[in-house]
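Below is target_13.cif, holding mmCIF, C-alpha atoms.
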```
data_target
#
loop_
_atom_site.label_atom_id
_atom_site.label_comp_id
_atom_site.auth_asym_id
_atom_site.auth_seq_id
_atom_site.Cartn_x
_atom_site.Cartn_y
_atom_site.Cartn_z
CA MET A 1 3.65 -12.78 -8.79
CA LEU A 2 4.56 -9.11 -9.04
CA PHE A 3 2.04 -8.69 -11.85
CA PHE A 4 -0.71 -9.90 -9.52
CA VAL A 5 0.63 -7.59 -6.79
CA LEU A 6 0.16 -4.65 -9.19
CA LEU A 7 -3.43 -5.69 -9.84
CA SER A 8 -4.37 -6.31 -6.21
CA TRP A 9 -2.72 -3.23 -4.67
CA GLY A 10 -4.02 -1.03 -7.45
CA SER A 11 -7.57 -2.39 -7.30
CA TRP A 12 -8.53 -2.92 -3.65
CA PRO A 13 -9.55 0.78 -3.14
CA ASN A 14 -12.45 0.10 -5.51
CA THR A 15 -14.13 -1.83 -2.71
CA MET A 16 -14.39 1.44 -0.76
CA LYS A 17 -15.80 3.20 -3.82
CA PHE A 18 -18.60 0.62 -4.02
CA ALA A 19 -19.65 1.30 -0.41
CA PRO A 20 -22.68 3.57 0.28
CA LYS A 21 -22.03 7.33 0.28
CA ASP A 22 -22.73 7.68 4.01
CA TRP A 23 -20.28 4.91 4.90
CA LYS A 24 -17.21 6.89 6.02
CA PHE A 25 -13.77 5.59 5.16
CA GLN A 26 -12.97 5.26 8.88
CA LEU A 27 -15.76 2.67 9.20
CA PHE A 28 -14.60 0.89 6.06
CA TYR A 29 -11.09 0.72 7.49
CA TRP A 30 -12.07 -1.40 10.52
CA ASP A 31 -13.31 -4.12 8.16
CA PHE A 32 -10.29 -3.66 5.91
CA GLY A 33 -7.88 -4.45 8.78
CA LEU A 34 -9.96 -7.47 9.79
CA GLY A 35 -9.87 -8.80 6.22
CA MET A 36 -6.08 -8.48 6.09
CA LEU A 37 -5.60 -10.35 9.38
CA LEU A 38 -8.03 -13.17 8.53
CA PHE A 39 -6.57 -13.79 5.08
CA SER A 40 -2.98 -13.73 6.37
CA LEU A 41 -3.94 -16.48 8.84
CA VAL A 42 -5.69 -18.51 6.14
CA LEU A 43 -2.55 -18.42 3.97
CA ALA A 44 -0.27 -19.14 6.94
CA PHE A 45 -2.20 -22.29 7.93
CA THR A 46 -2.49 -23.53 4.33
CA MET A 47 0.29 -22.49 1.90
CA GLY A 48 2.55 -21.53 4.81
CA SER A 49 2.22 -24.91 6.55
CA THR A 50 2.51 -27.36 3.68
CA GLY A 51 5.25 -28.41 1.29
CA SER A 52 8.69 -29.98 1.70
CA GLU A 53 10.77 -26.82 2.25
CA GLY A 54 10.96 -24.20 4.98
CA ARG A 55 9.12 -24.36 8.32
CA SER A 56 5.41 -24.61 9.05
CA PHE A 57 3.70 -21.48 10.40
CA ILE A 58 3.45 -22.58 14.06
CA GLU A 59 6.96 -24.05 14.03
CA ASP A 60 8.26 -20.81 12.54
CA LEU A 61 6.64 -18.70 15.27
CA LYS A 62 7.99 -20.95 18.04
CA GLN A 63 11.61 -20.64 16.90
CA ALA A 64 11.45 -16.90 16.10
CA ASP A 65 13.66 -14.45 17.95
CA PRO A 66 11.30 -11.90 19.60
CA LYS A 67 13.15 -8.97 18.02
CA PHE A 68 12.20 -10.20 14.53
CA LEU A 69 8.56 -10.63 15.58
CA TRP A 70 8.60 -7.03 16.79
CA LEU A 71 10.22 -5.80 13.57
CA ALA A 72 7.43 -7.31 11.44
CA LEU A 73 4.79 -5.96 13.83
CA LEU A 74 6.35 -2.47 13.75
CA GLY A 75 6.34 -2.67 9.95
CA GLY A 76 2.56 -3.17 10.15
CA VAL A 77 2.15 -0.17 12.47
CA ILE A 78 4.08 2.14 10.13
CA TYR A 79 2.27 0.76 7.08
CA ASN A 80 -1.04 1.44 8.79
CA PHE A 81 -0.14 5.09 9.41
CA TYR A 82 0.84 5.44 5.75
CA ASN A 83 -2.16 3.54 4.42
CA ILE A 84 -4.76 5.33 6.52
CA LEU A 85 -3.49 8.69 5.22
CA LEU A 86 -3.61 7.23 1.71
CA ILE A 87 -7.23 6.18 2.20
CA SER A 88 -7.99 9.64 3.59
CA GLY A 89 -6.57 11.01 0.35
CA VAL A 90 -8.76 8.66 -1.71
CA SER A 91 -11.79 9.89 0.25
CA LEU A 92 -10.90 13.57 -0.30
CA ALA A 93 -9.31 13.60 -3.76
CA GLY A 94 -10.00 10.25 -5.45
CA ILE A 95 -7.91 7.22 -6.37
CA ALA A 96 -6.28 8.84 -9.41
CA VAL A 97 -4.70 11.56 -7.24
CA ALA A 98 -4.06 9.79 -3.92
CA PHE A 99 -2.20 6.79 -5.30
CA PRO A 100 0.22 8.49 -7.71
CA ILE A 101 1.25 10.97 -5.00
CA GLY A 102 1.10 8.91 -1.80
CA VAL A 103 2.26 5.58 -3.19
CA GLY A 104 4.68 7.34 -5.55
CA MET A 105 6.48 8.98 -2.63
CA ALA A 106 6.62 5.66 -0.77
CA LEU A 107 7.97 4.03 -3.94
CA VAL A 108 10.83 6.53 -4.30
CA PHE A 109 12.06 6.57 -0.71
CA GLY A 110 11.14 2.95 0.01
CA THR A 111 13.05 1.59 -2.99
CA ILE A 112 16.16 3.48 -1.88
CA ALA A 113 15.79 2.27 1.72
CA ASN A 114 15.29 -1.33 0.62
CA TYR A 115 18.27 -1.10 -1.75
CA ILE A 116 20.46 -0.06 1.20
CA VAL A 117 19.31 -3.17 3.09
CA ASN A 118 19.56 -5.52 0.10
CA PRO A 119 21.56 -3.97 -2.81
CA VAL A 120 20.30 -5.98 -5.78
CA GLY A 121 20.29 -4.33 -9.22
CA ASN A 122 22.11 -1.46 -10.98
CA LEU A 123 21.99 1.63 -8.75
CA ILE A 124 22.29 4.21 -11.56
CA ILE A 125 19.42 2.73 -13.59
CA LEU A 126 17.39 2.36 -10.38
CA LEU A 127 17.87 6.05 -9.49
CA LEU A 128 16.99 7.20 -13.03
CA GLY A 129 13.80 5.17 -12.83
CA LEU A 130 12.91 6.79 -9.50
CA LEU A 131 13.60 10.25 -10.97
CA ALA A 132 11.01 9.53 -13.66
CA VAL A 133 8.53 8.57 -10.91
CA ILE A 134 9.17 11.91 -9.14
CA VAL A 135 8.33 13.76 -12.36
CA ALA A 136 5.09 11.73 -12.58
CA ILE A 137 4.19 12.74 -9.00
CA ILE A 138 4.72 16.42 -9.84
CA LEU A 139 2.54 16.10 -12.95
CA VAL A 140 -0.43 14.54 -11.14
CA SER A 141 -0.11 17.19 -8.39
CA LEU A 142 -0.41 19.88 -11.06
CA ALA A 143 -3.41 18.10 -12.58
CA TYR A 144 -5.15 18.00 -9.20
CA LYS A 145 -4.41 21.69 -8.64
CA LYS A 146 -6.12 22.51 -11.96
CA LEU A 147 -9.07 20.25 -11.10
CA THR A 148 -9.71 22.09 -7.82
CA ALA A 149 -8.95 25.61 -9.11
CA ASN A 150 -12.61 26.68 -9.15
CA THR A 151 -13.74 24.79 -6.04
CA GLN A 152 -13.59 25.27 -2.29
CA LYS A 153 -11.14 22.37 -1.91
CA THR A 154 -7.61 23.06 -0.71
CA PRO A 155 -5.34 20.87 -2.85
CA LEU A 156 -2.19 21.83 -0.92
CA LYS A 157 -3.52 20.24 2.29
CA VAL A 158 -4.34 16.98 0.51
CA ILE A 159 -1.01 16.91 -1.36
CA LEU A 160 0.98 17.58 1.84
CA MET A 161 -0.96 14.88 3.70
CA LEU A 162 -0.18 12.37 0.95
CA PHE A 163 3.49 13.44 0.95
CA VAL A 164 3.71 12.85 4.70
CA GLY A 165 2.00 9.48 4.34
CA GLY A 166 4.29 8.53 1.46
CA ILE A 167 7.43 9.39 3.43
CA ALA A 168 6.14 7.35 6.38
CA GLY A 169 5.53 4.51 3.93
CA THR A 170 9.28 4.44 3.23
CA PHE A 171 10.16 2.24 6.15
CA TRP A 172 7.48 -0.43 6.60
CA TYR A 173 8.66 -2.83 3.89
CA MET A 174 12.28 -2.51 5.02
CA LEU A 175 11.30 -3.54 8.57
CA VAL A 176 9.36 -6.55 7.33
CA ALA A 177 12.34 -7.45 5.13
CA LYS A 178 14.68 -7.27 8.14
CA SER A 179 12.44 -9.66 10.06
CA MET A 180 12.61 -12.28 7.31
CA SER A 181 15.11 -14.88 6.27
CA ALA A 182 16.77 -13.75 3.03
CA ASN A 183 16.73 -17.37 1.84
CA GLN A 184 13.12 -18.57 1.67
CA VAL A 185 14.07 -22.20 1.02
CA VAL A 186 16.63 -22.76 3.78
CA LEU A 187 15.32 -20.41 6.49
CA GLU A 188 17.77 -18.72 8.84
CA PRO A 189 17.36 -19.64 12.52
CA GLY A 190 15.51 -17.03 14.55
CA LYS A 191 14.20 -15.13 11.53
CA LEU A 192 10.70 -15.41 10.12
CA GLY A 193 9.49 -17.13 7.00
CA PRO A 194 7.37 -15.11 4.53
CA TYR A 195 3.95 -16.19 5.82
CA SER A 196 4.78 -15.62 9.49
CA SER A 197 6.16 -12.17 8.74
CA VAL A 198 2.92 -11.18 6.99
CA VAL A 199 0.81 -12.43 9.93
CA MET A 200 2.83 -10.33 12.39
CA PHE A 201 2.59 -7.42 9.95
CA THR A 202 -1.23 -7.62 9.93
CA VAL A 203 -1.30 -7.91 13.73
CA GLY A 204 0.54 -4.57 13.78
CA ILE A 205 -2.16 -3.10 11.54
CA ILE A 206 -4.98 -4.30 13.82
CA ILE A 207 -3.31 -3.04 17.02
CA SER A 208 -2.41 0.40 15.62
CA ASN A 209 -5.89 0.79 14.12
CA PHE A 210 -7.20 1.41 17.63
CA LEU A 211 -4.94 4.48 17.78
CA PHE A 212 -4.87 5.85 14.22
CA ASN A 213 -8.42 5.09 13.11
CA THR A 214 -9.96 6.05 16.46
CA LEU A 215 -8.15 9.39 16.27
CA LEU A 216 -9.42 10.01 12.72
CA MET A 217 -12.95 9.16 13.79
CA LYS A 218 -12.83 11.73 16.58
CA LYS A 219 -10.76 14.32 14.68
CA PRO A 220 -11.37 13.76 10.95
CA LEU A 221 -9.34 15.75 8.44
CA GLU A 222 -12.60 16.99 6.93
CA GLY A 223 -16.22 16.93 8.08
CA GLU A 224 -17.87 15.94 11.35
CA PRO A 225 -16.63 13.29 13.83
CA VAL A 226 -17.71 9.73 13.01
CA PRO A 227 -19.62 8.01 15.87
CA PHE A 228 -18.54 4.45 16.70
CA GLY A 229 -22.21 3.46 16.79
CA ASP A 230 -22.45 4.00 13.02
CA TYR A 231 -20.36 0.87 12.48
CA LEU A 232 -23.27 -1.31 13.59
CA LYS A 233 -26.20 1.01 12.80
CA LYS A 234 -25.30 1.87 9.20
CA GLY A 235 -23.31 -1.17 8.14
CA SER A 236 -25.16 -3.94 6.33
CA VAL A 237 -23.60 -7.36 5.74
CA LYS A 238 -22.79 -6.29 2.18
CA THR A 239 -21.13 -3.07 3.35
CA HIS A 240 -18.96 -4.86 5.91
CA SER A 241 -18.12 -7.51 3.31
CA LEU A 242 -16.73 -4.85 0.98
CA GLY A 243 -14.22 -3.73 3.60
CA ILE A 244 -13.20 -7.30 4.41
CA LEU A 245 -12.83 -8.03 0.67
CA GLY A 246 -10.60 -4.95 0.30
CA GLY A 247 -8.37 -6.26 3.09
CA ILE A 248 -8.21 -9.73 1.52
CA ILE A 249 -7.21 -8.32 -1.88
CA CYS A 250 -4.53 -6.11 -0.29
CA CYS A 251 -3.18 -8.99 1.84
CA PHE A 252 -3.02 -11.21 -1.25
CA GLY A 253 -0.74 -8.62 -2.84
CA MET A 254 1.38 -8.33 0.31
CA ASN A 255 2.01 -12.09 0.42
CA PHE A 256 2.93 -12.27 -3.25
CA SER A 257 5.24 -9.27 -2.93
CA ILE A 258 7.08 -10.90 -0.02
CA LEU A 259 7.31 -14.27 -1.80
CA ALA A 260 8.62 -12.65 -5.00
CA SER A 261 11.33 -10.81 -3.05
CA GLY A 262 13.20 -14.11 -2.70
CA ALA A 263 14.06 -13.99 -6.42
CA ALA A 264 13.79 -10.28 -7.29
CA GLY A 265 15.37 -8.77 -4.16
CA PHE A 266 13.50 -6.58 -1.69
CA ALA A 267 14.22 -3.25 -3.44
CA ILE A 268 12.91 -4.32 -6.84
CA SER A 269 10.03 -6.37 -5.43
CA TYR A 270 8.94 -3.35 -3.38
CA GLY A 271 9.52 -0.85 -6.19
CA LEU A 272 7.62 -2.77 -8.85
CA ALA A 273 4.77 -3.57 -6.47
CA GLN A 274 4.36 0.12 -5.64
CA THR A 275 3.81 0.88 -9.31
CA CYS A 276 0.27 -0.29 -8.65
CA THR A 277 -0.28 3.47 -8.89
CA MET A 278 -0.77 3.09 -12.64
CA VAL A 279 -3.50 0.50 -12.13
CA ALA A 280 -5.18 2.67 -9.48
CA ALA A 281 -4.96 5.77 -11.67
CA LEU A 282 -6.58 3.92 -14.56
CA TRP A 283 -9.49 2.95 -12.30
CA GLY A 284 -9.87 6.50 -11.05
CA ILE A 285 -9.67 8.23 -14.43
CA PHE A 286 -11.52 5.84 -16.74
CA ILE A 287 -13.95 3.96 -14.49
CA TRP A 288 -14.80 6.45 -11.72
CA LYS A 289 -14.34 9.52 -14.03
CA GLU A 290 -12.62 11.52 -11.28
CA PHE A 291 -11.30 14.11 -13.77
CA ARG A 292 -14.48 14.46 -15.84
CA ASN A 293 -14.99 18.07 -14.65
CA ALA A 294 -11.36 19.09 -15.02
CA PRO A 295 -10.63 22.26 -17.02
CA GLN A 296 -9.13 22.13 -20.49
CA GLY A 297 -5.45 21.31 -20.51
CA THR A 298 -5.56 18.94 -17.53
CA ASN A 299 -5.42 15.78 -19.65
CA LYS A 300 -1.90 16.53 -20.88
CA TYR A 301 -0.63 16.33 -17.29
CA LEU A 302 -2.30 12.94 -16.89
CA VAL A 303 -0.92 11.60 -20.18
CA PHE A 304 2.63 12.59 -19.27
CA MET A 305 2.11 11.25 -15.74
CA PHE A 306 1.40 7.80 -17.18
CA LEU A 307 4.35 8.14 -19.58
CA PHE A 308 6.85 8.95 -16.83
CA TYR A 309 5.49 6.23 -14.56
CA PHE A 310 5.91 3.76 -17.42
CA ILE A 311 9.49 4.92 -17.97
CA GLY A 312 10.17 4.61 -14.25
CA ILE A 313 8.74 1.09 -14.07
CA SER A 314 10.70 -0.01 -17.14
CA MET A 315 13.97 1.23 -15.63
CA LEU A 316 13.25 -0.53 -12.34
CA ILE A 317 12.82 -3.77 -14.30
CA LEU A 318 15.99 -3.14 -16.32
CA SER A 319 18.00 -2.41 -13.17
CA ARG A 320 17.54 -6.02 -12.06
CA ASN A 321 19.36 -7.38 -15.13
CA TYR A 322 22.46 -5.12 -15.19
#
```
Please lay out the structure from this file as structure tokens.
Amino acid sequence: MLFFVLLSWGSWPNTMKFAPKDWKFQLFYWDFGLGMLLFSLVLAFTMGSTGSEGRSFIEDLKQADPKFLWLALLGGVIYNFYNILLISGVSLAGIAVAFPIGVGMALVFGTIANYIVNPVGNLIILLLGLLAVIVAIILVSLAYKKLTANTQKTPLKVILMLFVGGIAGTFWYMLVAKSMSANQVVLEPGKLGPYSSVVMFTVGIIISNFLFNTLLMKKPLEGEPVPFGDYLKKGSVKTHSLGILGGIICCFGMNFSILASGAAGFAISYGLAQTCTMVAALWGIFIWKEFRNAPQGTNKYLVFMFLFYFIGISMLILSRNY
């Protein structure tokens, strides 16, 4: 399951890359949120309502303590703040920069936070793995600085924005985890099952989109304000479908990450899922050629970035078995 989480979370930004050049990421993001909500409901009424164990989706919602519903919803709000800054970074700097920095920061702090909630795995090995990830973040930041050395871009602004987003991304998974029953077979009374928690999570994304995305449309980090009318005027069926598809792919990964946490623990499930950065970086570097105009010497930073991410991932896996 976690392998498919890596693929989905590392690949869904490609749907934005396929959109027309004049289709701003803010417009894409409305469809993205819709895709997440719709797919979470599809899974809740199918996989989440069949089988001999657990509770059906509607039954689960009816018995839920309101505080756990709010926790999952708040997790979606915080995730949305983090993710919309991440997508802003993709728009400004590319996938190969935004994901290693933004998701990398969320991986480091989020894994620690989730370990505090659910301490599964060897702490020393876990921390050494996260240290390797920090080194990888520094290396890709240096690579981006070299890439923009002879341009008008301000890499520090993008890097700081991704750092802020990554730190905000620390808490969303922990809140969703708190809303859920730790045992996914015999569900705790009052707490949510995995499918219900994801639905409430996506509801939080949709609600907060009216604040975060509206604000970014009126006050974008770069360029002119984006008129709401462009959503209907410039968006073809294919263009809207790309955003919805991106949301579906991302939601698929979210469900699998939550389901896998029953066996792996929340800290390791979250940590390994966030290493989707390697998949995203591969797309950005080799498919979209985001570093094709980089000066000589930049590639060594990228090579060592992959190496340290690989070391970090390996140690996260090892920490589960010791």
*To verify the selection step, state as a PyMOL selection string which residues the PyMOL selection byres ((chain A and resi 82) around 9) yields on this input.*
chain A and resi 77-81+83-87+102+106+162+164-170+172
*asked:* Taking the file as I've supplied it (selection: the PyMOL selection byres ((chain A and resi 29) around 10)), which residues are included? Please answer as number ranges by chain.
replied: A: 16, 24-28, 30-35, 83-84, 87, 209, 213, 240, 243-244, 246-247
*asked:* Evaluated on this file, the PyMOL selection byres ((chain A and resi 70) around 10) picks out some residues - which ones are they, written as a PyMOL selection string?
replied: chain A and resi 65-69+71-76+175-176+179+197+200-201+204
*May I ask for the distance between CA of Ala264 (chain A) and CA of Leu128 (chain A), given in Å to one decimal place?*
18.7 Å
*Just give me the gap between CA of Lys153 (chain A) and CA of Gly297 (chain A) in Å, one decimal is fine.*
19.5 Å
*asked:* What's around Met180 (chain A) at 7 Å? Count only C-alpha atoms, leave out sequence neighbours fewer than 6 positions away in its own chain, and write the answer as a PyMOL selection string.
replied: chain A and resi 191-194+197
Would you compute an axis-aligned box for region 280-297 of chain A, covering every atom listed for it in the file with 8 Å of margin on each side, and report centre and edge lengths in Å to one decimal as JSON?
```
{"center_x": -10.0, "center_y": 12.5, "center_z": -15.0, "size_x": 26.0, "size_y": 35.6, "size_z": 27.0}
```
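Ranking A:Lys21, A:Arg320, A:Lys219, A:Lys300 by their shortest atom-to-atom distance to Ala263 (chain A), with all atoms listed in the file included, puts A:Arg320 first.
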*So which one's closest to Ile112 (chain A), A:Leu307, A:Ala64, A:Ala98, A:Ile268? Using all atoms listed in the file, please.*
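Under the stated criterion, the closest residue is A:Ile268.
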*Hey, can you check how far CA of Lys17 (chain A) sits from CA of Ser141 (chain A)?*
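Here the two named atoms are 21.5 Å from each other.
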*Near-Thr46 (chain A) list (10 Å; all atoms listed in the file; drop same-chain fewer than 5 positions) as an NGL selection string*: :A and (41 or 51 or 56-57 or 195)
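Considering only C-alpha atoms, the residue among A:Ala281, A:Leu221, A:Val203, A:Val237 positioned nearest to Ser88 (chain A) is A:Leu221.
Residue nearest Leu6 (chain A) within the list A:Asn299, A:Thr148, A:Ser40, A:Ser269: A:Ser269 [criterion: smallest interatomic distance, all atoms listed in the file].
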Quick one: everything within 8 Å of region 282-296 of chain A, counting only C-alpha atoms, minus sequence neighbours fewer than 3 positions away in the same chain. Send it as a JSON list (two decimals) with C-alpha atoms, in the coordinates of the input.
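Contents of the output file part.json:
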```json
[["chain", "number", "residue", "atom", "x", "y", "z"],
["A", 11, "SER", "CA", -7.57, -2.39, -7.30],
["A", 14, "ASN", "CA", -12.45, 0.10, -5.51],
["A", 94, "GLY", "CA", -10.00, 10.25, -5.45],
["A", 95, "ILE", "CA", -7.91, 7.22, -6.37],
["A", 96, "ALA", "CA", -6.28, 8.84, -9.41],
["A", 146, "LYS", "CA", -6.12, 22.51, -11.96],
["A", 147, "LEU", "CA", -9.07, 20.25, -11.10],
["A", 148, "THR", "CA", -9.71, 22.09, -7.82],
["A", 278, "MET", "CA", -0.77, 3.09, -12.64],
["A", 279, "VAL", "CA", -3.50, 0.50, -12.13],
["A", 299, "ASN", "CA", -5.42, 15.78, -19.65]]
```
Leaving out Leu127 (chain A) and any residue of its chain fewer than 4 positions from it, which residues lie within 10 Å of it when counting all atoms listed in the file, given as a tab-separated table (two decimals) with C-alpha atoms, keeping the file's coordinate frame?
```
chain	number	residue	atom	x	y	z
A	108	VAL	CA	10.83	6.53	-4.30
A	111	THR	CA	13.05	1.59	-2.99
A	112	ILE	CA	16.16	3.48	-1.88
A	122	ASN	CA	22.11	-1.46	-10.98
A	123	LEU	CA	21.99	1.63	-8.75
A	131	LEU	CA	13.60	10.25	-10.97
A	132	ALA	CA	11.01	9.53	-13.66
A	133	VAL	CA	8.53	8.57	-10.91
A	312	GLY	CA	10.17	4.61	-14.25
A	315	MET	CA	13.97	1.23	-15.63
A	316	LEU	CA	13.25	-0.53	-12.34
A	319	SER	CA	18.00	-2.41	-13.17
```
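Nearest to Ile101 (chain A) of all the residues A:Met161, A:Glu222, A:Thr50, A:Val198 is A:Met161, counting all atoms listed in the file.
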*Which one is closest to Met305 (chain A): A:Gly104, A:Gly253, A:Gly229, A:Pro119? Count all atoms listed in the file.*
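Once distances to Met305 (chain A) are computed over all atoms listed in the file, the minimum belongs to A:Gly104.
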*Pick out the residues sitting within 10 Å of Met1 (chain A), and hand them over as a list in words; count only C-alpha atoms, and ignore anything fewer than 2 positions along from it in its own chain.*
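Here the answer would be Phe3, Phe4, Val5, Leu6, Gly253, Asn255, Phe256, Ser257, Ile258, Leu259, Ala260, Ser261, Ser269 and Ala273 of chain A.
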